[in-house]
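protein.cif (mmCIF, C-alpha atoms)
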```
data_upload
#
loop_
_atom_site.label_atom_id
_atom_site.label_comp_id
_atom_site.auth_asym_id
_atom_site.auth_seq_id
_atom_site.Cartn_x
_atom_site.Cartn_y
_atom_site.Cartn_z
CA MET Z 24 -81.74 -103.99 30.56
CA ALA Z 25 -81.58 -101.20 33.13
CA VAL Z 26 -78.18 -102.44 34.26
CA GLY Z 27 -76.86 -102.37 30.71
CA SER Z 28 -78.18 -98.83 30.18
CA SER Z 29 -76.60 -97.67 33.45
CA ALA Z 30 -73.27 -99.26 32.51
CA LEU Z 31 -73.38 -97.56 29.11
CA ARG Z 32 -74.05 -94.19 30.72
CA GLY Z 33 -71.16 -94.78 33.10
CA LEU Z 34 -68.84 -95.60 30.21
CA VAL Z 35 -69.89 -92.48 28.28
CA VAL Z 36 -69.39 -90.32 31.37
CA ALA Z 37 -65.93 -91.80 31.92
CA LEU Z 38 -64.96 -91.10 28.31
CA LEU Z 39 -66.25 -87.54 28.54
CA LEU Z 40 -64.36 -86.88 31.76
CA LEU Z 41 -61.22 -88.30 30.16
CA ALA Z 42 -61.71 -85.90 27.26
CA VAL Z 43 -62.08 -82.99 29.68
CA ALA Z 44 -58.88 -83.99 31.49
CA SER Z 45 -56.99 -84.29 28.21
CA THR Z 46 -58.21 -80.89 27.03
CA LEU Z 47 -57.30 -79.19 30.29
CA HIS Z 48 -53.88 -80.82 30.25
CA ALA Z 49 -53.27 -79.44 26.77
CA GLN Z 50 -54.10 -75.99 28.07
CA GLU Z 51 -51.53 -76.10 30.90
CA THR Z 52 -49.25 -73.08 30.95
CA CYS Z 53 -45.61 -73.73 30.22
CA MET Z 54 -43.47 -73.52 33.35
CA THR Z 55 -40.38 -72.03 31.66
CA SER Z 56 -39.87 -68.55 30.26
CA LEU Z 57 -37.15 -67.13 28.05
CA TYR Z 58 -35.83 -65.33 31.12
CA ASP Z 59 -35.66 -68.62 33.05
CA ALA Z 60 -33.76 -70.25 30.19
CA VAL Z 61 -31.24 -67.41 30.05
CA ALA Z 62 -30.80 -67.39 33.82
CA THR Z 63 -29.88 -71.09 33.89
CA THR Z 64 -27.36 -70.95 31.01
CA PRO Z 65 -23.82 -69.96 32.12
CA GLU Z 66 -22.94 -68.96 28.56
CA LEU Z 67 -25.63 -66.26 28.81
CA ALA Z 68 -24.74 -64.88 32.26
CA GLN Z 69 -23.91 -61.44 30.85
CA LEU Z 70 -27.18 -61.38 28.93
CA LYS Z 71 -29.12 -62.03 32.14
CA THR Z 72 -27.29 -59.14 33.81
CA VAL Z 73 -28.19 -56.82 30.94
CA ILE Z 74 -31.85 -57.92 30.99
CA ASP Z 75 -31.95 -57.19 34.72
CA ARG Z 76 -30.24 -53.81 34.39
CA THR Z 77 -32.45 -52.67 31.51
CA GLY Z 78 -35.67 -53.58 33.32
CA LEU Z 79 -36.84 -56.04 30.67
CA GLN Z 80 -37.40 -59.01 32.98
CA GLU Z 81 -41.15 -58.85 32.44
CA THR Z 82 -40.78 -58.78 28.65
CA PHE Z 83 -38.81 -62.04 28.71
CA SER Z 84 -40.81 -63.69 31.53
CA ASN Z 85 -44.04 -64.31 29.62
CA LYS Z 86 -44.35 -68.10 29.79
CA SER Z 87 -46.80 -68.23 26.87
CA SER Z 88 -44.50 -66.40 24.46
CA LYS Z 89 -44.19 -67.58 20.87
CA LEU Z 90 -41.05 -65.77 19.79
CA THR Z 91 -37.51 -66.28 18.57
CA PHE Z 92 -34.79 -64.85 20.80
CA LEU Z 93 -31.32 -64.31 19.38
CA ALA Z 94 -29.34 -64.54 22.61
CA PRO Z 95 -25.83 -63.01 22.52
CA ASN Z 96 -23.33 -65.03 24.55
CA ASN Z 97 -20.86 -63.62 27.07
CA THR Z 98 -18.21 -63.10 24.41
CA GLY Z 99 -20.65 -61.09 22.32
CA PHE Z 100 -21.18 -58.59 25.13
CA GLU Z 101 -17.46 -58.38 25.91
CA ASN Z 102 -16.77 -57.57 22.26
CA LEU Z 103 -19.56 -54.98 22.19
CA VAL Z 104 -18.01 -53.03 25.05
CA SER Z 105 -14.63 -53.21 23.32
CA VAL Z 106 -15.96 -52.09 19.93
CA LEU Z 107 -18.01 -49.19 21.32
CA ASN Z 108 -15.32 -48.26 23.85
CA ARG Z 109 -18.08 -47.81 26.42
CA THR Z 110 -19.23 -49.74 29.45
CA MET Z 111 -22.64 -51.39 29.56
CA GLU Z 112 -23.62 -48.77 32.12
CA ASP Z 113 -22.88 -46.07 29.51
CA ILE Z 114 -25.17 -47.84 27.05
CA ILE Z 115 -27.96 -48.28 29.57
CA SER Z 116 -27.90 -44.80 31.10
CA PRO Z 117 -29.38 -42.30 30.69
CA ASN Z 118 -31.48 -43.35 27.67
CA ASN Z 119 -31.42 -47.15 28.06
CA LYS Z 120 -30.37 -47.83 24.49
CA ALA Z 121 -29.37 -51.30 25.68
CA ALA Z 122 -33.07 -52.14 26.12
CA SER Z 123 -33.74 -51.13 22.52
CA ILE Z 124 -30.79 -53.26 21.43
CA LEU Z 125 -32.20 -56.29 23.26
CA MET Z 126 -35.63 -55.79 21.66
CA TYR Z 127 -33.84 -55.89 18.31
CA HIS Z 128 -32.90 -59.49 19.13
CA VAL Z 129 -36.53 -60.67 19.37
CA ILE Z 130 -38.24 -62.02 16.24
CA LEU Z 131 -42.03 -61.96 16.43
CA SER Z 132 -42.61 -65.67 15.79
CA PRO Z 133 -40.79 -68.93 16.60
CA VAL Z 134 -38.44 -69.90 13.77
CA PHE Z 135 -36.11 -72.91 13.65
CA ALA Z 136 -32.80 -72.69 11.79
CA LYS Z 137 -33.91 -75.09 9.05
CA ASP Z 138 -36.85 -72.81 8.25
CA LEU Z 139 -34.75 -69.68 7.74
CA GLN Z 140 -34.32 -68.78 4.07
CA ASN Z 141 -31.24 -67.07 2.69
CA GLY Z 142 -31.90 -63.38 2.07
CA ALA Z 143 -35.13 -63.34 4.08
CA THR Z 144 -35.96 -60.25 6.13
CA VAL Z 145 -37.48 -60.71 9.60
CA SER Z 146 -39.23 -58.13 11.77
CA THR Z 147 -38.17 -57.52 15.35
CA LEU Z 148 -39.81 -56.31 18.53
CA LEU Z 149 -37.89 -53.03 18.26
CA GLY Z 150 -40.44 -51.85 15.73
CA LYS Z 151 -41.14 -50.88 12.16
CA GLY Z 152 -38.07 -50.59 9.97
CA TYR Z 153 -35.78 -52.40 12.40
CA ASN Z 154 -35.40 -55.71 10.59
CA LEU Z 155 -32.75 -58.41 10.32
CA THR Z 156 -31.50 -60.11 7.16
CA VAL Z 157 -30.85 -63.85 7.15
CA ASN Z 158 -27.72 -65.33 5.56
CA THR Z 159 -27.47 -69.12 5.29
CA THR Z 160 -24.59 -69.44 2.83
CA SER Z 161 -22.25 -70.58 5.61
CA GLY Z 162 -24.11 -71.63 8.72
CA VAL Z 163 -26.78 -69.21 9.90
CA GLN Z 164 -26.10 -65.50 10.28
CA PHE Z 165 -28.20 -62.44 10.98
CA ALA Z 166 -27.10 -59.16 9.43
CA THR Z 167 -27.89 -55.55 10.30
CA PRO Z 168 -26.88 -52.28 8.64
CA VAL Z 169 -24.01 -52.16 11.16
CA ASN Z 170 -22.81 -55.69 11.88
CA SER Z 171 -23.69 -59.39 11.78
CA ALA Z 172 -23.80 -62.37 14.13
CA SER Z 173 -23.38 -66.09 13.64
CA VAL Z 174 -25.54 -68.68 15.36
CA VAL Z 175 -23.31 -70.85 17.55
CA THR Z 176 -26.10 -72.92 19.12
CA ALA Z 177 -29.39 -73.24 17.26
CA ASP Z 178 -32.91 -74.38 18.01
CA ILE Z 179 -33.09 -74.33 21.80
CA LYS Z 180 -36.80 -74.86 22.37
CA VAL Z 181 -38.28 -72.99 25.33
CA CYS Z 182 -41.92 -74.07 25.36
CA ASP Z 183 -43.43 -72.35 22.31
CA SER Z 184 -40.43 -70.08 21.74
CA VAL Z 185 -37.03 -70.72 20.18
CA VAL Z 186 -33.60 -69.47 21.27
CA HIS Z 187 -30.57 -69.22 19.00
CA ILE Z 188 -27.34 -68.35 20.81
CA ILE Z 189 -25.28 -65.90 18.74
CA ASP Z 190 -21.69 -64.68 19.02
CA THR Z 191 -22.25 -60.94 18.55
CA VAL Z 192 -24.59 -58.28 19.89
CA LEU Z 193 -26.56 -57.02 16.89
CA LEU Z 194 -26.82 -53.25 16.49
CA PRO Z 195 -29.76 -51.74 14.55
CA ALA Z 196 -27.80 -48.53 13.86
CA ALA Z 197 -24.80 -46.57 15.05
CA LEU Z 198 -25.16 -46.04 18.80
CA PRO Z 199 -26.32 -42.37 18.65
CA GLU Z 200 -29.09 -43.31 16.17
CA ILE Z 201 -30.45 -46.23 18.18
CA PRO Z 202 -33.85 -45.16 19.55
CA ASN Z 203 -34.03 -44.38 23.23
CA TYR Z 204 -36.07 -46.98 25.05
CA VAL Z 205 -39.42 -45.71 26.30
CA PRO Z 206 -41.25 -48.33 28.37
CA ARG Z 207 -44.98 -48.49 27.85
CA GLN Z 208 -47.78 -50.58 29.21
CA PHE Z 209 -48.89 -53.11 26.61
CA ALA Z 210 -52.65 -53.39 26.44
CA PRO Z 211 -54.36 -56.79 26.48
CA CYS Z 212 -54.89 -58.30 23.06
CA VAL Z 213 -58.52 -57.25 22.54
CA THR Z 214 -57.91 -53.71 23.80
CA ALA Z 215 -54.79 -53.27 21.69
CA TRP Z 216 -56.54 -54.47 18.53
CA ASP Z 217 -59.56 -52.27 19.19
CA ARG Z 218 -57.41 -49.19 19.81
CA PHE Z 219 -55.35 -49.78 16.67
CA ASN Z 220 -58.41 -50.46 14.55
CA ARG Z 221 -60.43 -47.47 15.79
CA THR Z 222 -57.57 -45.01 15.58
CA CYS Z 223 -55.68 -46.14 12.51
CA ARG Z 224 -57.84 -48.28 10.27
CA ALA Z 225 -61.05 -46.22 10.26
CA SER Z 226 -63.14 -49.38 10.37
CA PRO Z 227 -66.97 -49.20 10.24
CA TYR Z 228 -67.20 -49.17 14.04
CA GLY Z 229 -64.30 -46.72 14.37
CA ILE Z 230 -63.83 -43.07 13.62
CA PRO Z 231 -65.33 -41.63 10.40
CA ASP Z 232 -63.01 -41.05 7.46
CA ASN Z 233 -63.35 -37.28 7.75
CA VAL Z 234 -62.16 -37.21 11.36
CA PRO Z 235 -58.41 -36.55 11.60
CA LEU Z 236 -56.22 -38.97 13.49
CA PRO Z 237 -54.97 -37.89 16.92
CA ALA Z 238 -52.43 -35.07 17.11
CA PRO Z 239 -49.58 -34.40 17.32
CA ALA Z 240 -48.08 -37.40 15.47
CA PRO Z 241 -50.73 -39.70 14.06
CA GLN Z 242 -48.33 -41.89 12.14
CA ALA Z 243 -46.13 -42.39 15.17
CA ASP Z 244 -49.19 -43.11 17.29
CA CYS Z 245 -50.41 -45.71 14.82
CA GLU Z 246 -47.02 -47.39 14.69
CA MET Z 247 -46.94 -47.52 18.49
CA TYR Z 248 -50.47 -48.94 18.65
CA PHE Z 249 -49.58 -51.49 15.97
CA TRP Z 250 -46.57 -52.76 17.88
CA ASP Z 251 -48.60 -52.82 21.09
CA PHE Z 252 -51.06 -55.03 19.23
CA ILE Z 253 -48.31 -57.29 17.84
CA HIS Z 254 -46.77 -57.70 21.30
CA ALA Z 255 -50.06 -58.28 23.09
CA CYS Z 256 -51.50 -60.65 20.47
CA SER Z 257 -48.39 -62.53 19.35
CA GLN Z 258 -49.28 -65.42 21.67
CA LYS Z 259 -52.75 -65.99 20.20
CA SER Z 260 -54.89 -65.33 17.15
CA PRO Z 261 -56.17 -61.73 16.90
CA PRO Z 262 -59.58 -61.24 18.51
CA PRO Z 263 -62.73 -61.16 16.38
CA SER Z 264 -64.05 -57.78 15.31
CA PRO Z 265 -66.45 -56.21 17.84
CA THR Z 266 -69.01 -55.82 15.04
CA GLY Z 267 -69.24 -59.52 14.20
CA PRO Z 268 -67.47 -61.82 11.75
CA THR Z 269 -64.15 -60.61 10.51
CA GLY Z 270 -63.97 -58.99 7.12
CA PRO Z 271 -61.58 -56.84 5.10
CA THR Z 272 -61.11 -54.47 8.06
CA GLY Z 273 -60.91 -57.18 10.72
CA PRO Z 274 -58.13 -59.44 11.88
CA SER Z 275 -57.40 -63.02 10.94
CA PRO Z 276 -60.52 -65.20 10.73
CA SER Z 277 -59.10 -67.80 13.12
CA VAL Z 278 -60.70 -67.59 16.53
CA GLY Z 279 -57.82 -68.63 18.75
CA ASN Z 280 -56.94 -71.86 20.49
CA LYS Z 281 -57.91 -70.64 23.94
CA LEU Z 282 -61.46 -69.76 22.86
CA ARG Z 283 -61.86 -73.02 20.97
CA SER Z 284 -60.62 -75.01 23.97
CA SER Z 285 -63.01 -73.18 26.30
CA VAL Z 286 -65.94 -73.99 24.01
CA THR Z 287 -64.82 -77.63 23.83
CA VAL Z 288 -64.52 -77.95 27.61
CA GLY Z 289 -67.90 -76.26 28.08
CA PHE Z 290 -69.57 -78.57 25.59
CA ILE Z 291 -68.07 -81.70 27.17
CA ALA Z 292 -69.00 -80.56 30.66
CA SER Z 293 -72.59 -79.85 29.55
CA ALA Z 294 -72.83 -83.27 27.90
CA ALA Z 295 -71.56 -84.97 31.05
CA ALA Z 296 -74.08 -83.06 33.19
CA SER Z 297 -76.91 -84.12 30.91
CA ILE Z 298 -75.94 -87.77 31.14
CA PHE Z 299 -75.72 -87.56 34.92
CA ALA Z 300 -79.23 -86.10 34.95
CA LEU Z 301 -80.49 -89.10 32.98
CA ALA Z 302 -78.86 -91.62 35.30
#
```
In structure tokens, how does this file's structure come out?
Amino acid sequence: MAVGSSALRGLVVALLLLAVASTLHAQETCMTSLYDAVATTPELAQLKTVIDRTGLQETFSNKSSKLTFLAPNNTGFENLVSVLNRTMEDIISPNNKAASILMYHVILSPVFAKDLQNGATVSTLLGKGYNLTVNTTSGVQFATPVNSASVVTADIKVCDSVVHIIDTVLLPAALPEIPNYVPRQFAPCVTAWDRFNRTCRASPYGIPDNVPLPAPAPQADCEMYFWDFIHACSQKSPPPSPTGPTGPTGPSPSVGNKLRSSVTVGFIASAAASIFALA
């Protein structure tokens, strides 16, 4: 009887350890980034050069990204220089408008071509008001107030992100009106949400309603904090409210895969330890 009980405990332990291994394997970080994918695609050689020159390597090197990148091919950049009658160096210096242009090519969630709806408007990493319009009447196109681009190669999956190679560099506005790129340090997800919520949403744990928002440009500050939050949290569910369960002023009620996985691993490990103690 003791032998049977010991064998049963051994089987349960083996199953629990297998579950731990499976959970940890599911949590493995992807080994490819958008930057890696661009760097290994000859058709995107000019795009890699522009990413390097604009200092956006880190933006495109996050291996846990969940984004859509509209990647202009070499021809697209050659045509841009011809249309603007300026070199890429002119566009990068002194105000690095090229970086802003590249951020306009990043959609804030992974979207495959079949899921794009005609006439839909999608937000970009460039910020509020800088959107793209989808046209699927003949292939897949993305339109801006200035120009449009056609997708020549769709649905290149890069871990949890998607790349669509396009034939034209999309411009959010005429070159003088494109915002100058100002690099900023993106806060971690929890910090970014907390800063946005305290400063801009006047939540119960934030500033009172009668306290004015920070000077000199509260609206601009809030927009900046919001896009910091979007960038920092786009890879995971927003963090829970510091005051407890999420409510009308809190973020999405989902907790986030990473937290759930950690709890699962902890529970399995504790169960295994308990069984070992009984053996």
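Straight-line separation from atom CA of Z:Gly142 to atom CA of Z:Val157: 5.2 Å.
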Between atom CA of Z:Met111 and atom CA of Z:Tyr127, distance in Å (one decimal)
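Separation between atom CA of Z:Met111 and atom CA of Z:Tyr127: 16.5 Å.
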Check which residues of stretch 54-149 of chain Z sit at most 6 Å from stretch 181-187 of chain Z using all atoms listed in the file, and return one row each with the closest pair of atoms and their distance in Å to one decimal, ordered by chain and rising number, as CSV.
```
residue,atom,partner,partner_atom,distance
Z:Lys89,CA,Z:Ser184,CA,4.6
Z:Leu90,CA,Z:Ser184,CA,4.8
Z:Thr91,CA,Z:Val185,CA,4.7
Z:Phe92,CA,Z:Val186,CA,4.8
Z:Leu93,CA,Z:His187,CA,5.0
Z:Pro133,CA,Z:Ser184,CA,5.3
```
When you draw a straight line from atom CA of Z:Val174 to atom CA of Z:Ile189, how long is it in Å?
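Computing the Euclidean distance for atom CA of Z:Val174 and atom CA of Z:Ile189 yields 4.4 Å.
If you count all atoms listed in the file and draw a sphere of 12 Å around (-21.2, -69.7, 17.6), the protein and nucleic acid residues inside it come out as Glu66, Leu93, Ala94, Pro95, Asn96, Asn97, Thr98, Gly99, Gly162, Val163, Gln164, Ala172, Ser173, Val174, Val175, Thr176, Ala177, His187, Ile188, Ile189, Asp190 and Thr191 of chain Z.
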Using all atoms listed in the file, find the one residue out of Z:Val205, Z:Leu148, Z:Leu198, Z:Trp250 that sits nearest to Z:Asn108.
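Ranking Z:Val205, Z:Leu148, Z:Leu198, Z:Trp250 by distance to Z:Asn108, first place goes to Z:Leu198.
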